[in-house]
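Okay, work_39.cif now, which holds mmCIF, C-alpha atoms, pLDDT in the B column; chains and numbers go by the auth columns:
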data_data
loop_
_atom_site.group_PDB
_atom_site.id
_atom_site.type_symbol
_atom_site.label_atom_id
_atom_site.label_comp_id
_atom_site.label_asym_id
_atom_site.label_seq_id
_atom_site.Cartn_x
_atom_site.Cartn_y
_atom_site.Cartn_z
_atom_site.B_iso_or_equiv
_atom_site.auth_seq_id
_atom_site.auth_asym_id
ATOM 1 C CA MET A 1 -4.822 8.841 -124.897 91.00 62 A
ATOM 2 C CA LYS A 2 -6.210 11.530 -127.178 96.00 63 A
ATOM 3 C CA ARG A 3 -5.048 15.068 -127.852 96.00 64 A
ATOM 4 C CA ALA A 4 -6.618 18.296 -129.061 95.00 65 A
ATOM 5 C CA GLY A 5 -5.961 22.006 -128.979 94.00 66 A
ATOM 6 C CA ALA A 6 -2.640 23.717 -129.536 93.00 67 A
ATOM 7 C CA PRO A 7 0.467 21.749 -130.494 91.00 68 A
ATOM 8 C CA PRO A 8 2.485 21.363 -127.272 82.00 69 A
ATOM 9 C CA ALA A 9 5.508 23.092 -128.843 82.00 70 A
ATOM 10 C CA ARG A 10 3.615 26.399 -128.941 86.00 71 A
ATOM 11 C CA ALA A 11 1.171 25.863 -126.077 90.00 72 A
ATOM 12 C CA GLY A 12 1.070 28.316 -123.208 91.00 73 A
ATOM 13 C CA SER A 13 -0.524 25.753 -120.909 95.00 74 A
ATOM 14 C CA GLY A 14 -1.486 22.093 -120.800 97.00 75 A
ATOM 15 C CA LEU A 15 -4.796 20.645 -119.663 98.00 76 A
ATOM 16 C CA VAL A 16 -5.239 17.006 -118.641 98.00 77 A
ATOM 17 C CA LEU A 17 -8.955 16.248 -119.103 98.00 78 A
ATOM 18 C CA LEU A 18 -10.680 13.319 -117.372 98.00 79 A
ATOM 19 C CA HIS A 19 -14.109 12.157 -118.506 98.00 80 A
ATOM 20 C CA GLY A 20 -16.977 10.931 -116.364 97.00 81 A
ATOM 21 C CA ARG A 21 -18.681 7.557 -116.205 97.00 82 A
ATOM 22 C CA GLY A 22 -19.952 6.583 -119.638 96.00 83 A
ATOM 23 C CA GLY A 23 -17.982 9.353 -121.306 96.00 84 A
ATOM 24 C CA SER A 24 -14.822 9.226 -123.353 97.00 85 A
ATOM 25 C CA ALA A 25 -11.581 11.052 -123.979 97.00 86 A
ATOM 26 C CA ALA A 26 -13.065 12.546 -127.144 96.00 87 A
ATOM 27 C CA ASP A 27 -16.109 13.809 -125.237 96.00 88 A
ATOM 28 C CA ILE A 28 -14.148 15.618 -122.536 97.00 89 A
ATOM 29 C CA LEU A 29 -11.735 17.123 -125.053 97.00 90 A
ATOM 30 C CA GLY A 30 -14.826 18.870 -126.419 95.00 91 A
ATOM 31 C CA LEU A 31 -14.532 21.273 -123.465 95.00 92 A
ATOM 32 C CA LEU A 32 -11.719 22.987 -125.322 95.00 93 A
ATOM 33 C CA GLU A 33 -14.146 24.397 -127.904 94.00 94 A
ATOM 34 C CA PRO A 34 -16.280 26.524 -125.534 93.00 95 A
ATOM 35 C CA LEU A 35 -13.143 27.581 -123.645 93.00 96 A
ATOM 36 C CA ALA A 36 -11.891 29.108 -126.915 90.00 97 A
ATOM 37 C CA LEU A 37 -8.287 29.397 -125.738 91.00 98 A
ATOM 38 C CA PRO A 38 -6.020 28.759 -128.721 91.00 99 A
ATOM 39 C CA ASP A 39 -2.824 28.222 -126.727 93.00 100 A
ATOM 40 C CA ILE A 40 -4.036 25.292 -124.585 96.00 101 A
ATOM 41 C CA ALA A 41 -2.733 21.798 -125.325 97.00 102 A
ATOM 42 C CA GLY A 42 -5.309 19.241 -124.234 97.00 103 A
ATOM 43 C CA ILE A 43 -4.684 15.580 -123.483 98.00 104 A
ATOM 44 C CA ALA A 44 -7.222 13.033 -122.247 98.00 105 A
ATOM 45 C CA PRO A 45 -6.735 9.457 -121.038 98.00 106 A
ATOM 46 C CA GLU A 46 -9.488 6.919 -121.676 97.00 107 A
ATOM 47 C CA ALA A 47 -10.892 4.886 -118.775 97.00 108 A
ATOM 48 C CA PRO A 48 -11.265 1.135 -119.371 95.00 109 A
ATOM 49 C CA GLY A 49 -14.914 0.434 -120.116 94.00 110 A
ATOM 50 C CA LYS A 50 -15.638 4.193 -119.942 95.00 111 A
ATOM 51 C CA SER A 51 -15.536 4.169 -116.143 97.00 112 A
ATOM 52 C CA TRP A 52 -12.706 4.958 -113.740 98.00 113 A
ATOM 53 C CA TRP A 53 -14.309 2.760 -111.057 98.00 114 A
ATOM 54 C CA PRO A 54 -17.427 0.607 -110.896 97.00 115 A
ATOM 55 C CA THR A 55 -19.066 2.056 -107.791 96.00 116 A
ATOM 56 C CA SER A 56 -19.668 5.395 -106.085 97.00 117 A
ATOM 57 C CA PHE A 57 -16.508 7.302 -105.182 98.00 118 A
ATOM 58 C CA LEU A 58 -17.928 7.310 -101.638 98.00 119 A
ATOM 59 C CA ALA A 59 -17.513 3.516 -101.340 98.00 120 A
ATOM 60 C CA PRO A 60 -15.105 2.010 -98.764 97.00 121 A
ATOM 61 C CA SER A 61 -11.428 2.404 -99.569 97.00 122 A
ATOM 62 C CA ALA A 62 -10.896 -1.325 -100.039 96.00 123 A
ATOM 63 C CA GLN A 63 -13.269 -1.155 -103.009 97.00 124 A
ATOM 64 C CA MET A 64 -11.950 2.124 -104.368 97.00 125 A
ATOM 65 C CA GLU A 65 -8.191 2.017 -103.979 97.00 126 A
ATOM 66 C CA PRO A 66 -7.242 -0.429 -106.772 97.00 127 A
ATOM 67 C CA PHE A 67 -9.196 1.653 -109.275 98.00 128 A
ATOM 68 C CA VAL A 68 -7.858 4.940 -107.906 98.00 129 A
ATOM 69 C CA ILE A 69 -4.293 3.668 -108.273 98.00 130 A
ATOM 70 C CA ARG A 70 -4.985 2.722 -111.889 98.00 131 A
ATOM 71 C CA GLY A 71 -6.544 6.129 -112.564 98.00 132 A
ATOM 72 C CA LEU A 72 -3.637 7.958 -110.944 98.00 133 A
ATOM 73 C CA ALA A 73 -1.259 6.136 -113.270 98.00 134 A
ATOM 74 C CA ALA A 74 -3.244 7.370 -116.269 98.00 135 A
ATOM 75 C CA VAL A 75 -3.117 10.953 -115.007 98.00 136 A
ATOM 76 C CA ARG A 76 0.595 10.655 -114.310 98.00 137 A
ATOM 77 C CA THR A 77 1.222 9.392 -117.836 98.00 138 A
ATOM 78 C CA ALA A 78 -0.723 12.300 -119.337 98.00 139 A
ATOM 79 C CA VAL A 79 1.170 14.879 -117.283 98.00 140 A
ATOM 80 C CA LEU A 80 4.498 13.309 -118.227 98.00 141 A
ATOM 81 C CA ALA A 81 3.498 13.359 -121.907 97.00 142 A
ATOM 82 C CA LEU A 82 2.893 17.103 -121.765 96.00 143 A
ATOM 83 C CA GLU A 83 6.133 17.668 -119.879 96.00 144 A
ATOM 84 C CA SER A 84 8.042 15.588 -122.426 95.00 145 A
ATOM 85 C CA ASP A 85 6.594 17.799 -125.151 93.00 146 A
ATOM 86 C CA GLY A 86 7.967 20.898 -123.443 94.00 147 A
ATOM 87 C CA VAL A 87 4.999 22.164 -121.407 95.00 148 A
ATOM 88 C CA PRO A 88 6.340 23.169 -117.967 95.00 149 A
ATOM 89 C CA ARG A 89 4.783 21.356 -115.030 97.00 150 A
ATOM 90 C CA SER A 90 3.899 24.722 -113.508 96.00 151 A
ATOM 91 C CA ARG A 91 1.650 25.385 -116.533 96.00 152 A
ATOM 92 C CA ILE A 92 -0.182 22.054 -116.474 97.00 153 A
ATOM 93 C CA TRP A 93 -3.713 21.849 -115.067 98.00 154 A
ATOM 94 C CA LEU A 94 -5.911 18.863 -114.248 98.00 155 A
ATOM 95 C CA CYS A 95 -9.619 18.973 -115.035 98.00 156 A
ATOM 96 C CA GLY A 96 -12.403 16.443 -114.785 98.00 157 A
ATOM 97 C CA PHE A 97 -16.141 16.003 -114.734 98.00 158 A
ATOM 98 C CA SER A 98 -18.005 13.703 -112.305 98.00 159 A
ATOM 99 C CA GLN A 99 -15.862 10.577 -111.822 98.00 160 A
ATOM 100 C CA GLY A 100 -13.158 12.413 -113.718 98.00 161 A
ATOM 101 C CA ALA A 101 -13.456 15.367 -111.337 98.00 162 A
ATOM 102 C CA CYS A 102 -13.006 13.075 -108.342 98.00 163 A
ATOM 103 C CA LEU A 103 -9.953 11.513 -109.978 98.00 164 A
ATOM 104 C CA ALA A 104 -8.509 14.913 -110.940 98.00 165 A
ATOM 105 C CA LEU A 105 -8.891 16.247 -107.404 98.00 166 A
ATOM 106 C CA GLU A 106 -7.431 13.077 -105.916 98.00 167 A
ATOM 107 C CA ALA A 107 -4.464 13.130 -108.301 98.00 168 A
ATOM 108 C CA PHE A 108 -3.834 16.765 -107.445 98.00 169 A
ATOM 109 C CA ALA A 109 -3.949 16.063 -103.700 98.00 170 A
ATOM 110 C CA ARG A 110 -1.756 12.953 -103.867 98.00 171 A
ATOM 111 C CA GLU A 111 0.692 13.769 -106.652 97.00 172 A
ATOM 112 C CA GLY A 112 0.066 17.333 -107.796 97.00 173 A
ATOM 113 C CA GLU A 113 3.113 19.102 -106.402 97.00 174 A
ATOM 114 C CA GLY A 114 4.254 21.738 -108.885 97.00 175 A
ATOM 115 C CA LEU A 115 1.103 21.668 -111.039 98.00 176 A
ATOM 116 C CA ALA A 116 -0.762 24.883 -111.841 98.00 177 A
ATOM 117 C CA GLY A 117 -4.019 23.638 -110.352 98.00 178 A
ATOM 118 C CA VAL A 118 -7.161 21.581 -110.826 98.00 179 A
ATOM 119 C CA PHE A 119 -10.768 22.029 -111.901 98.00 180 A
ATOM 120 C CA GLY A 120 -13.204 19.607 -110.234 98.00 181 A
ATOM 121 C CA LEU A 121 -16.516 19.928 -112.089 98.00 182 A
ATOM 122 C CA SER A 122 -19.128 18.047 -110.044 98.00 183 A
ATOM 123 C CA GLY A 123 -16.662 16.140 -107.895 98.00 184 A
ATOM 124 C CA GLY A 124 -14.921 15.778 -104.554 98.00 185 A
ATOM 125 C CA LEU A 125 -11.889 14.088 -103.052 98.00 186 A
ATOM 126 C CA VAL A 126 -11.963 10.294 -102.848 98.00 187 A
ATOM 127 C CA GLY A 127 -9.829 10.079 -99.705 98.00 188 A
ATOM 128 C CA THR A 128 -6.850 8.023 -98.591 98.00 189 A
ATOM 129 C CA GLY A 129 -8.641 5.595 -96.302 97.00 190 A
ATOM 130 C CA ASP A 130 -11.707 4.982 -94.182 98.00 191 A
ATOM 131 C CA ALA A 131 -12.283 7.147 -91.115 97.00 192 A
ATOM 132 C CA PRO A 132 -14.093 6.143 -87.904 95.00 193 A
ATOM 133 C CA GLY A 133 -17.845 6.402 -88.004 92.00 194 A
ATOM 134 C CA GLY A 134 -20.796 4.678 -89.569 93.00 195 A
ATOM 135 C CA PRO A 135 -23.025 5.586 -92.506 96.00 196 A
ATOM 136 C CA GLN A 136 -24.000 9.255 -92.675 97.00 197 A
ATOM 137 C CA ASP A 137 -27.062 10.745 -94.309 97.00 198 A
ATOM 138 C CA ASP A 138 -25.072 13.693 -95.656 96.00 199 A
ATOM 139 C CA LEU A 139 -22.736 11.202 -97.377 97.00 200 A
ATOM 140 C CA TYR A 140 -25.643 9.368 -98.997 97.00 201 A
ATOM 141 C CA GLY A 141 -25.406 6.481 -96.561 97.00 202 A
ATOM 142 C CA HIS A 142 -21.638 6.031 -96.806 97.00 203 A
ATOM 143 C CA GLY A 143 -19.043 6.359 -94.072 97.00 204 A
ATOM 144 C CA PRO A 144 -16.479 9.144 -93.680 97.00 205 A
ATOM 145 C CA LYS A 145 -12.999 9.074 -95.205 98.00 206 A
ATOM 146 C CA ALA A 146 -9.520 10.105 -94.116 98.00 207 A
ATOM 147 C CA PHE A 147 -7.659 12.705 -96.183 98.00 208 A
ATOM 148 C CA ASP A 148 -3.989 12.243 -95.343 97.00 209 A
ATOM 149 C CA TYR A 149 -2.100 13.828 -98.218 97.00 210 A
ATOM 150 C CA PRO A 150 1.615 14.645 -98.257 90.00 211 A
ATOM 151 C CA GLY A 151 3.042 18.070 -98.944 94.00 212 A
ATOM 152 C CA LEU A 152 1.531 21.461 -99.654 97.00 213 A
ATOM 153 C CA ARG A 153 0.223 23.180 -102.803 97.00 214 A
ATOM 154 C CA PRO A 154 0.894 26.869 -101.999 96.00 215 A
ATOM 155 C CA ASP A 155 1.039 28.201 -105.566 87.00 216 A
ATOM 156 C CA ALA A 156 -1.831 26.185 -107.038 97.00 217 A
ATOM 157 C CA ARG A 157 -5.394 27.185 -107.879 97.00 218 A
ATOM 158 C CA VAL A 158 -8.410 24.938 -107.268 98.00 219 A
ATOM 159 C CA TRP A 159 -11.982 25.254 -108.544 98.00 220 A
ATOM 160 C CA ILE A 160 -14.698 22.860 -107.345 98.00 221 A
ATOM 161 C CA SER A 161 -18.337 23.088 -108.395 97.00 222 A
ATOM 162 C CA VAL A 162 -21.447 21.106 -107.561 97.00 223 A
ATOM 163 C CA HIS A 163 -25.219 21.460 -107.617 96.00 224 A
ATOM 164 C CA GLU A 164 -27.121 21.907 -104.338 95.00 225 A
ATOM 165 C CA ASN A 165 -28.796 18.571 -104.957 95.00 226 A
ATOM 166 C CA ASP A 166 -26.415 16.391 -106.916 97.00 227 A
ATOM 167 C CA PRO A 167 -27.415 12.699 -107.040 96.00 228 A
ATOM 168 C CA HIS A 168 -23.764 11.575 -107.053 97.00 229 A
ATOM 169 C CA ILE A 169 -21.731 14.228 -105.217 98.00 230 A
ATOM 170 C CA PRO A 170 -22.861 15.169 -101.698 98.00 231 A
ATOM 171 C CA LEU A 171 -22.307 18.736 -100.566 97.00 232 A
ATOM 172 C CA ALA A 172 -20.715 17.419 -97.382 97.00 233 A
ATOM 173 C CA ARG A 173 -17.880 15.849 -99.378 98.00 234 A
ATOM 174 C CA VAL A 174 -17.398 18.993 -101.465 98.00 235 A
ATOM 175 C CA ARG A 175 -17.152 21.133 -98.337 97.00 236 A
ATOM 176 C CA ARG A 176 -14.679 18.703 -96.779 98.00 237 A
ATOM 177 C CA SER A 177 -12.637 18.750 -99.993 98.00 238 A
ATOM 178 C CA VAL A 178 -12.474 22.540 -99.857 98.00 239 A
ATOM 179 C CA GLU A 179 -11.256 22.358 -96.248 98.00 240 A
ATOM 180 C CA VAL A 180 -8.607 19.744 -97.002 98.00 241 A
ATOM 181 C CA LEU A 181 -7.182 21.468 -100.068 98.00 242 A
ATOM 182 C CA SER A 182 -7.230 24.852 -98.338 98.00 243 A
ATOM 183 C CA ALA A 183 -5.228 23.315 -95.484 98.00 244 A
ATOM 184 C CA MET A 184 -2.690 22.244 -98.128 98.00 245 A
ATOM 185 C CA GLN A 185 -2.382 25.984 -98.892 98.00 246 A
ATOM 186 C CA ALA A 186 -3.961 25.793 -102.342 98.00 247 A
ATOM 187 C CA GLN A 187 -6.007 28.810 -103.409 97.00 248 A
ATOM 188 C CA VAL A 188 -9.427 27.167 -103.394 98.00 249 A
ATOM 189 C CA SER A 189 -12.591 28.601 -104.913 96.00 250 A
ATOM 190 C CA HIS A 190 -15.885 26.754 -105.147 96.00 251 A
ATOM 191 C CA ALA A 191 -19.444 27.209 -106.327 96.00 252 A
ATOM 192 C CA VAL A 192 -22.701 25.557 -105.342 97.00 253 A
ATOM 193 C CA HIS A 193 -25.120 25.828 -108.252 95.00 254 A
ATOM 194 C CA LYS A 194 -28.764 26.187 -107.280 95.00 255 A
ATOM 195 C CA GLY A 195 -31.217 23.323 -107.597 95.00 256 A
ATOM 196 C CA ALA A 196 -30.761 19.739 -108.625 96.00 257 A
ATOM 197 C CA GLY A 197 -28.393 18.592 -111.335 96.00 258 A
ATOM 198 C CA HIS A 198 -25.130 17.031 -112.315 96.00 259 A
ATOM 199 C CA GLY A 199 -23.340 18.860 -115.091 94.00 260 A
ATOM 200 C CA ILE A 200 -21.027 21.605 -116.269 94.00 261 A
ATOM 201 C CA LEU A 201 -22.526 25.098 -116.292 93.00 262 A
ATOM 202 C CA PRO A 202 -21.406 28.356 -117.953 93.00 263 A
ATOM 203 C CA PRO A 203 -19.939 29.740 -114.673 93.00 264 A
ATOM 204 C CA ASP A 204 -17.591 26.739 -114.574 94.00 265 A
ATOM 205 C CA LEU A 205 -16.336 27.465 -118.076 95.00 266 A
ATOM 206 C CA ALA A 206 -15.981 31.170 -117.290 95.00 267 A
ATOM 207 C CA THR A 207 -13.882 30.380 -114.234 95.00 268 A
ATOM 208 C CA MET A 208 -11.716 27.945 -116.178 95.00 269 A
ATOM 209 C CA ARG A 209 -11.143 30.546 -118.868 94.00 270 A
ATOM 210 C CA ARG A 210 -10.223 33.174 -116.270 94.00 271 A
ATOM 211 C CA PHE A 211 -7.771 30.910 -114.426 95.00 272 A
ATOM 212 C CA LEU A 212 -6.158 29.618 -117.612 93.00 273 A
ATOM 213 C CA ASN A 213 -5.770 33.150 -118.964 88.00 274 A
ATOM 214 C CA ALA A 214 -4.258 34.493 -115.773 79.00 275 A
ATOM 215 C CA GLY A 215 -0.828 32.933 -116.221 59.00 276 A
ATOM 216 C CA PRO A 216 1.577 32.184 -113.372 49.00 277 A
ATOM 217 C CA ASP A 217 1.221 34.261 -110.216 47.00 278 A
#
Rewrite the structure from the file as structure tokens, please.
Amino acid sequence: MKRAGAPPARAGSGLVLLHGRGGSAADILGLLEPLALPDIAGIAPEAPGKSWWPTSFLAPSAQMEPFVIRGLAAVRTAVLALESDGVPRSRIWLCGFSQGACLALEAFAREGEGLAGVFGLSGGLVGTGDAPGGPQDDLYGHGPKAFDYPGLRPDARVWISVHENDPHIPLARVRRSVEVLSAMQAQVSHAVHKGAGHGILPPDLATMRRFLNAGPD
């Protein structure tokens, strides 16, 4: 677990940052620099072997769930660390890129009651189980998932972004994620960046800065 940004004692908000496959806690904490928000306390868990799971997040639940459970524990620990340092839960955000975005969104859906919101940068929900149906082209040859999450998130903000042609994150899963989180009463915004790619773009950072600056509703 690594930290950066404002000392929690004087932080206006907390940001739990989750890196992608091959990345690191130090890498994802680098997002704080372009955000240029001096009152954000950042904390980032480190995935074992620099990967939250060894396969695509679209893989069957039997393959995914043990790794998701481990990742959720890391997110939970990071949130609790910020809370213990005096950052209110209502001012704590989750944020991730790629695998980290999928984990951040999943943690928010499963355990995010009371959090300020989540930024999913090139990611989508993992899902709670397998749904009926065979492989689908719009899911890159994988089957559909169930999204059975408890509770509602009526005061939370959600931002999800993806490229039109992302080699890892199908648009179909992003659109389904928007539907699911909207049904949980979160205030969901999303962007589909033109062309092919898999990365964080300036509009993502601008949106993060705007949400983080807005303060509680």
Using the chain letters and numbering of this document, enumerate as a PyMOL selection string the residues selected by the PyMOL selection byres ((chain A and resi 222) around 12).
-> chain A and resi 156-159+162-163+166+179-185+219-221+223-227+230-232+234-236+238-239+249-255+258-266+268-269
Just to be explicit: take each residue in the selection above, keep C-alpha atoms, and write the result as a PDB file, keeping the file's coordinate frame.
ATOM      1  CA  CYS A 156      -9.619  18.973-115.035  1.00 98.00           C
ATOM      2  CA  GLY A 157     -12.403  16.443-114.785  1.00 98.00           C
ATOM      3  CA  PHE A 158     -16.141  16.003-114.734  1.00 98.00           C
ATOM      4  CA  SER A 159     -18.005  13.703-112.305  1.00 98.00           C
ATOM      5  CA  ALA A 162     -13.456  15.367-111.337  1.00 98.00           C
ATOM      6  CA  CYS A 163     -13.006  13.075-108.342  1.00 98.00           C
ATOM      7  CA  LEU A 166      -8.891  16.247-107.404  1.00 98.00           C
ATOM      8  CA  VAL A 179      -7.161  21.581-110.826  1.00 98.00           C
ATOM      9  CA  PHE A 180     -10.768  22.029-111.901  1.00 98.00           C
ATOM     10  CA  GLY A 181     -13.204  19.607-110.234  1.00 98.00           C
ATOM     11  CA  LEU A 182     -16.516  19.928-112.089  1.00 98.00           C
ATOM     12  CA  SER A 183     -19.128  18.047-110.044  1.00 98.00           C
ATOM     13  CA  GLY A 184     -16.662  16.140-107.895  1.00 98.00           C
ATOM     14  CA  GLY A 185     -14.921  15.778-104.554  1.00 98.00           C
ATOM     15  CA  VAL A 219      -8.410  24.938-107.268  1.00 98.00           C
ATOM     16  CA  TRP A 220     -11.982  25.254-108.544  1.00 98.00           C
ATOM     17  CA  ILE A 221     -14.698  22.860-107.345  1.00 98.00           C
ATOM     18  CA  VAL A 223     -21.447  21.106-107.561  1.00 97.00           C
ATOM     19  CA  HIS A 224     -25.219  21.460-107.617  1.00 96.00           C
ATOM     20  CA  GLU A 225     -27.121  21.907-104.338  1.00 95.00           C
ATOM     21  CA  ASN A 226     -28.796  18.571-104.957  1.00 95.00           C
ATOM     22  CA  ASP A 227     -26.415  16.391-106.916  1.00 97.00           C
ATOM     23  CA  ILE A 230     -21.731  14.228-105.217  1.00 98.00           C
ATOM     24  CA  PRO A 231     -22.861  15.169-101.698  1.00 98.00           C
ATOM     25  CA  LEU A 232     -22.307  18.736-100.566  1.00 97.00           C
ATOM     26  CA  ARG A 234     -17.880  15.849 -99.378  1.00 98.00           C
ATOM     27  CA  VAL A 235     -17.398  18.993-101.465  1.00 98.00           C
ATOM     28  CA  ARG A 236     -17.152  21.133 -98.337  1.00 97.00           C
ATOM     29  CA  SER A 238     -12.637  18.750 -99.993  1.00 98.00           C
ATOM     30  CA  VAL A 239     -12.474  22.540 -99.857  1.00 98.00           C
ATOM     31  CA  VAL A 249      -9.427  27.167-103.394  1.00 98.00           C
ATOM     32  CA  SER A 250     -12.591  28.601-104.913  1.00 96.00           C
ATOM     33  CA  HIS A 251     -15.885  26.754-105.147  1.00 96.00           C
ATOM     34  CA  ALA A 252     -19.444  27.209-106.327  1.00 96.00           C
ATOM     35  CA  VAL A 253     -22.701  25.557-105.342  1.00 97.00           C
ATOM     36  CA  HIS A 254     -25.120  25.828-108.252  1.00 95.00           C
ATOM     37  CA  LYS A 255     -28.764  26.187-107.280  1.00 95.00           C
ATOM     38  CA  GLY A 258     -28.393  18.592-111.335  1.00 96.00           C
ATOM     39  CA  HIS A 259     -25.130  17.031-112.315  1.00 96.00           C
ATOM     40  CA  GLY A 260     -23.340  18.860-115.091  1.00 94.00           C
ATOM     41  CA  ILE A 261     -21.027  21.605-116.269  1.00 94.00           C
ATOM     42  CA  LEU A 262     -22.526  25.098-116.292  1.00 93.00           C
ATOM     43  CA  PRO A 263     -21.406  28.356-117.953  1.00 93.00           C
ATOM     44  CA  PRO A 264     -19.939  29.740-114.673  1.00 93.00           C
ATOM     45  CA  ASP A 265     -17.591  26.739-114.574  1.00 94.00           C
ATOM     46  CA  LEU A 266     -16.336  27.465-118.076  1.00 95.00           C
ATOM     47  CA  THR A 268     -13.882  30.380-114.234  1.00 95.00           C
ATOM     48  CA  MET A 269     -11.716  27.945-116.178  1.00 95.00           C
TER      49      MET A 269
END
Nearby residues (all atoms listed in the file) at most 8 Å from A:Ser122, same-chain spacing under 5 positions excluded, as a list of chain:residue names =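 Selected residues are A:Gly188, A:Thr189, A:Gly190, A:Asp191.
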Rounded to one decimal in Å, what is the spacing between atom CA of A:Asp146 and atom CA of A:Ala165?
->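 Pair atom CA of A:Asp146 / atom CA of A:Ala165 returns 20.9 Å.
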Top pick for closest residue to A:Ala170, considering A:Thr138, A:Ser243, A:Gln197, A:Thr116 and counting only C-alpha atoms =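 Residue with the minimum atom-to-atom distance to A:Ala170: A:Ser243.
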In terms of only C-alpha atoms, the residue from A:Glu240, A:Ala86, A:Phe169, A:Asp198 at minimal distance from A:Ala65 is A:Ala86
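Across the structure, atom CA of A:Ala275 and atom CA of A:Asp216 are spaced 13.1 Å apart.
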May I ask for the distance between atom CA of A:Leu79 and atom CA of A:Leu242, given in Å to one decimal place?
-> 19.4 Å
Your completed stretch 247-258 of chain A with N, CA and C atoms, as a short mmCIF file (atom, residue, chain, number, x, y, z; two decimals), in the coordinates of the input:
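Listed below is the output, rebuild.cif:
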data_model
loop_
_atom_site.label_atom_id
_atom_site.label_comp_id
_atom_site.auth_asym_id
_atom_site.auth_seq_id
_atom_site.Cartn_x
_atom_site.Cartn_y
_atom_site.Cartn_z
N ALA A 247 -3.50 25.45 -100.99
CA ALA A 247 -3.96 25.79 -102.34
C ALA A 247 -4.93 26.97 -102.25
N GLN A 248 -5.03 27.72 -103.33
CA GLN A 248 -6.01 28.81 -103.41
C GLN A 248 -7.31 28.23 -103.95
N VAL A 249 -8.23 27.93 -103.05
CA VAL A 249 -9.43 27.17 -103.39
C VAL A 249 -10.63 28.09 -103.56
N SER A 250 -11.31 27.95 -104.68
CA SER A 250 -12.59 28.60 -104.91
C SER A 250 -13.61 27.52 -105.21
N HIS A 251 -14.87 27.75 -104.83
CA HIS A 251 -15.88 26.75 -105.15
C HIS A 251 -17.23 27.43 -105.36
N ALA A 252 -18.10 26.70 -106.05
CA ALA A 252 -19.44 27.21 -106.33
C ALA A 252 -20.45 26.10 -106.10
N VAL A 253 -21.57 26.47 -105.51
CA VAL A 253 -22.70 25.56 -105.34
C VAL A 253 -23.83 26.09 -106.22
N HIS A 254 -24.08 25.40 -107.32
CA HIS A 254 -25.12 25.83 -108.25
C HIS A 254 -26.50 25.47 -107.68
N LYS A 255 -27.44 26.37 -107.86
CA LYS A 255 -28.76 26.19 -107.28
C LYS A 255 -29.50 25.01 -107.92
N GLY A 256 -30.34 24.37 -107.10
CA GLY A 256 -31.22 23.32 -107.60
C GLY A 256 -30.55 21.98 -107.72
N ALA A 257 -31.25 21.10 -108.41
CA ALA A 257 -30.76 19.74 -108.62
C ALA A 257 -30.08 19.64 -109.98
N GLY A 258 -29.07 18.79 -110.06
CA GLY A 258 -28.39 18.59 -111.34
C GLY A 258 -27.04 17.94 -111.17
#
